[in-house]
Amino acid sequence: MRNMWLVARREFVGRGKSSGYLITTVFMAIVLLGVTLLPVMMEGGEKSTPLNVILLDKTGDIVQPLQAALEAMKSQPGAREVFLDVQQADEAALIEQIKKEDRGLLIVEGTFPTALKARFLSTSPAMLNGGGVVMGPLEGIVRAARLQARGIDPAVTQEIMQPLVTETLQITETGEGRTSEDFMGSMMTALGVVMVVYMVVMLNGQFIFMGVLEEKVSRVVEVMAASVGPAEMLAGKVIGLGALGLIQFVVIMASWVGGNVISAQISDQPMGGVTVTGALTAFAFLVLGYVLAAALNAAAASTVSRMEDQTAVAMPVQMVQVVPYLMVVAVIMNPTGQLAEITSMIPIFSQTVMVARVLMGPVPLWQILVSIALMAATTVLFLWGGGRIYRAALLSYGARPNMKQVLGYLRNK
Amino acid sequence: MALQVDSVSKRFGNVQAVDNVSFAVPTGRVCGLLGSNGAGKTTTMRMIMRIFHPDHGTISWNGTPITDETRKGFGYLPEERGLYPKFEVREQLIYLTELKGLSHKEAAARADRWIKELEIEEYAARRVEQLSKGNQQKVQFAAAVASGPALAILDEPFTGLDPVNTMVMEKAFRTVAAEGTTLLFSAHNLDQVEALCENVVLIHRSHVVLEGTLREIKKAARRQAIHLRMENDDYSFLSQFVGLTVREGTAGAREITLPGDMNANLILRAASEAGVVTEYSLGEPSLREIYLEKVGANHA
């Protein structure tokens, strides 16, 4: 037992000091912070930048009402400011002008209001996205003018043109109504948590693989075997690297949560929260998923005697770990669907699917508990089998064992 | 007997690596395990360390078969380097010594002692991969003996060392032996083995062909060896004697092995009559001569 803790300490300190671990942790934290903040900051940045538009009004009827409509928009909260520069130059000359300047060009032609044609031109895709800011009011002006031409009272027209208040709500089992913004928030939360769990499990699983491989190839394992039993050695590795994985998880999640809090404040949108059940479920699957990955990686690496064989062995192991993550998007889009319910009960798949389901909405407690129990039983099975292969293969050198020999390791006591 | 290897065999596929090998090493003795490449020395050592299990036979320590628990009291220096390449020298020695059951403080004191004994103080804070092959070998030796093991199994501990470092290691080797550790080591430098060992085991083609103390082995050879140099380089007079084995030694001298019952004075007298004798010495056969006789010059 003492040696197990010594191995755990050595793995924790040795790997924790390595530039690979530090760089990966900091890099992932920065990436997640960037992923959460960048879209909001860019959107916020665009909103705060005035839209600079040249207006070429070939009808002569649009300038006044459009200027008035844009002026009226200024008082609305969150509205983007528009600088309208009315010009009467040649269209081709104006197109040449906007090629040199970061501006939009609105060309209005035809007969107002019956057969009006409007074009918004710009060299910048970002500017084109902002075209709606001037096209929306223009549409309103044309429709109002058409109604007025039919003899409808302007007051009635204004009433007709009032925007419709719409709301889409998901009614949950508790009777709570969730808006589409709430759904998006939950989706982002689920995606973020599952992604971090995935990265931590994969990365630390690979550390186990590399650690076992390094010990075996450098023959340190022969020296270690004279002092430490294989079970103690494996347990020490799993505990030491697991502790590093947990620290990594906390750091990355803190970065992600921090990014979300800031972006929620900037965008004024609700942030997807995590319930206690959601947090506990994610933690349980993080630990179980990591131990399972550790057993799988340790067993696989112990069968490799030469560095050049590592890819052939590592690839299938990584594939097994990646498959459950391919389900995540389908589950998140329909967390109460049959696919989600079935796969959340299948061990290995459940480490992502159940976490995503729980974070997307309420899941019956019995389903969560059964899913965790099945995953725990599978993890114990992998630990048992992986431990046997590790113990038998660790001190075997030469040609890589075939499947028959590996099965033989499982049977031998 | 402290270490007893009894009728041990090991086969890898079609290759019989070790065949019915038996030998014993008394407590506190230094025993050299000799043999040509592929003779079965490393396999035997790995079986003692339980890295492989023998197909047949038993290996015991102080009369009891070696278990994982017994093995914790042994030090081991593998043939190939067995250190963490990215781990610092001192920290690694402390760690490996702690794993043998010593407290951190005691392990640190032992590590510092062997770093000093092996004259690697300036490398103590460096990573193992930054050291030369010879210095890595010294660290490996320190790792094997720092815990003060009852038995140290050292597979070619002097490999990769320059003459100065060889002397440093030999001194450390004698210190370990003087402190009561039983040592079993393999080497190809027979003069070195003769200088360090009390016991010798010679394995040839998977079998033990010679075993015992150096004294017993030399006595059992029942013959004498003459070192002779003639000023005129004419050794044709030796052809009158039957049963001699003559080899050319350094700088044209002759190493002559006599049959056990032959009077060495006959050779000296004949040499004096044939010319001026510039060098003459009479002694027991060296370990090298005995080895070559048993194994054959082709396998030296």
# chains A, B, ... in the order shown; residues from 1 in each chain; ligands from 1

$ closest_atom_pairs --of "chain B" --to "chain A" --cutoff "7 Å" --atoms "only C-alpha atoms" --output "JSON lines"
{"residue": "B:Met49", "atom": "CA", "partner": "A:Ala226", "partner_atom": "CA", "distance": 6.9}
{"residue": "B:Ile51", "atom": "CA", "partner": "A:Leu395", "partner_atom": "CA", "distance": 6.3}
{"residue": "B:Arg71", "atom": "CA", "partner": "A:Ala226", "partner_atom": "CA", "distance": 5.8}
{"residue": "B:Lys72", "atom": "CA", "partner": "A:Ser227", "partner_atom": "CA", "distance": 4.8}
{"residue": "B:Tyr76", "atom": "CA", "partner": "A:Val223", "partner_atom": "CA", "distance": 6.2}
{"residue": "B:Glu80", "atom": "CA", "partner": "A:Arg219", "partner_atom": "CA", "distance": 6.8}
{"residue": "B:Arg81", "atom": "CA", "partner": "A:Arg219", "partner_atom": "CA", "distance": 6.5}
{"residue": "B:Gly82", "atom": "CA", "partner": "A:Val220", "partner_atom": "CA", "distance": 3.9}
{"residue": "B:Leu83", "atom": "CA", "partner": "A:Val220", "partner_atom": "CA", "distance": 5.1}
{"residue": "B:Tyr84", "atom": "CA", "partner": "A:Val220", "partner_atom": "CA", "distance": 6.4}
{"residue": "B:Leu99", "atom": "CA", "partner": "A:Asn3", "partner_atom": "CA", "distance": 5.8}
{"residue": "B:Lys100", "atom": "CA", "partner": "A:Ser227", "partner_atom": "CA", "distance": 5.8}

$ write_last_selection --atoms "C-alpha atoms" --output "mmCIF file, in the first residue's frame"
data_model
loop_
_atom_site.group_PDB
_atom_site.id
_atom_site.type_symbol
_atom_site.label_atom_id
_atom_site.label_comp_id
_atom_site.auth_asym_id
_atom_site.auth_seq_id
_atom_site.Cartn_x
_atom_site.Cartn_y
_atom_site.Cartn_z
ATOM 1 C CA MET B 49 14.648 -11.771 -10.059
ATOM 2 C CA ILE B 51 11.096 -11.524 -14.234
ATOM 3 C CA ARG B 71 12.623 -10.206 -3.991
ATOM 4 C CA LYS B 72 11.932 -6.825 -2.397
ATOM 5 C CA TYR B 76 18.906 -5.432 -9.505
ATOM 6 C CA GLU B 80 19.736 -2.769 -20.519
ATOM 7 C CA ARG B 81 19.383 0.579 -18.799
ATOM 8 C CA GLY B 82 16.505 0.542 -16.304
ATOM 9 C CA LEU B 83 16.065 4.174 -15.268
ATOM 10 C CA TYR B 84 13.477 6.871 -15.950
ATOM 11 C CA LEU B 99 10.280 1.702 -2.798
ATOM 12 C CA LYS B 100 12.550 -0.777 -0.990
#

$ select_by_dssp --residues "segment 157-210 of chain B" --states "strand (DSSP E or B)" --output "number ranges by chain"
B: 182-186, 199-204, 207-210

$ residues_around --residues "Glu194 of chain B" --least-positions-apart "6" --cutoff "12 Å" --atoms "only C-alpha atoms" --output "CSV table (one decimal) with C-alpha atoms, in the first residue's frame"
chain,number,residue,atom,x,y,z
B,30,VAL,CA,30.9,-12.2,-4.6
B,31,CYS,CA,30.2,-14.5,-7.5
B,32,GLY,CA,31.0,-14.0,-11.1
B,33,LEU,CA,28.6,-15.4,-13.7
B,34,LEU,CA,30.6,-16.1,-16.8
B,187,ALA,CA,31.0,-9.7,-16.9
B,188,HIS,CA,33.2,-10.4,-19.9
B,200,VAL,CA,32.7,-18.3,-10.2
B,201,VAL,CA,30.0,-19.9,-12.3
B,213,THR,CA,35.5,-20.9,-5.6
B,214,LEU,CA,38.4,-19.5,-7.7
B,215,ARG,CA,40.8,-21.4,-5.5
B,217,ILE,CA,38.8,-24.1,-9.7
B,218,LYS,CA,42.4,-23.3,-10.2
B,285,PRO,CA,46.5,-20.9,-14.9
B,286,SER,CA,44.6,-17.6,-15.1
B,287,LEU,CA,40.8,-17.6,-15.2
B,288,ARG,CA,41.1,-16.5,-18.8
B,289,GLU,CA,43.1,-19.7,-19.6
B,290,ILE,CA,40.6,-21.9,-17.7
B,291,TYR,CA,37.7,-20.1,-19.5

$ residues_around --residues "segment 199-208 of chain A" --least-positions-apart "5" --cutoff "6 Å" --atoms "only C-alpha atoms" --output "PDB file with C-alpha atoms, in the first residue's frame"
ATOM      1  CA  GLY A 245      -6.829  14.831 -14.408  1.00  0.00           C
ATOM      2  CA  TYR A 290     -11.110   7.808 -16.607  1.00  0.00           C
ATOM      3  CA  ALA A 293      -9.684   4.413 -20.042  1.00  0.00           C
ATOM      4  CA  ALA A 294      -6.717   3.963 -17.695  1.00  0.00           C
TER       5      ALA A 294
END

$ residues_around --residues "Pro401 of chain A" --least-positions-apart "6" --cutoff "9 Å" --atoms "only C-alpha atoms" --output "PDB file with N, CA and C atoms, in the first residue's frame"
ATOM      1  N   THR A 303       1.495  -4.445 -23.701  1.00  0.00           N
ATOM      2  CA  THR A 303       1.780  -5.461 -24.724  1.00  0.00           C
ATOM      3  C   THR A 303       2.808  -4.974 -25.748  1.00  0.00           C
ATOM      4  N   VAL A 304       3.227  -3.700 -25.620  1.00  0.00           N
ATOM      5  CA  VAL A 304       4.173  -3.131 -26.585  1.00  0.00           C
ATOM      6  C   VAL A 304       5.594  -3.210 -26.017  1.00  0.00           C
ATOM      7  N   ALA A 393       1.709  -9.166 -19.267  1.00  0.00           N
ATOM      8  CA  ALA A 393       2.449  -8.687 -20.449  1.00  0.00           C
ATOM      9  C   ALA A 393       3.598  -7.750 -20.098  1.00  0.00           C
TER      10      ALA A 393
END

$ select_by_dssp --residues "segment 203-370 of chain A" --states "alpha helix (DSSP H)" --output "number ranges by chain"
A: 203-217, 220-225, 230-267, 276-302, 310-326, 328-333, 338-343, 350-360, 365-370
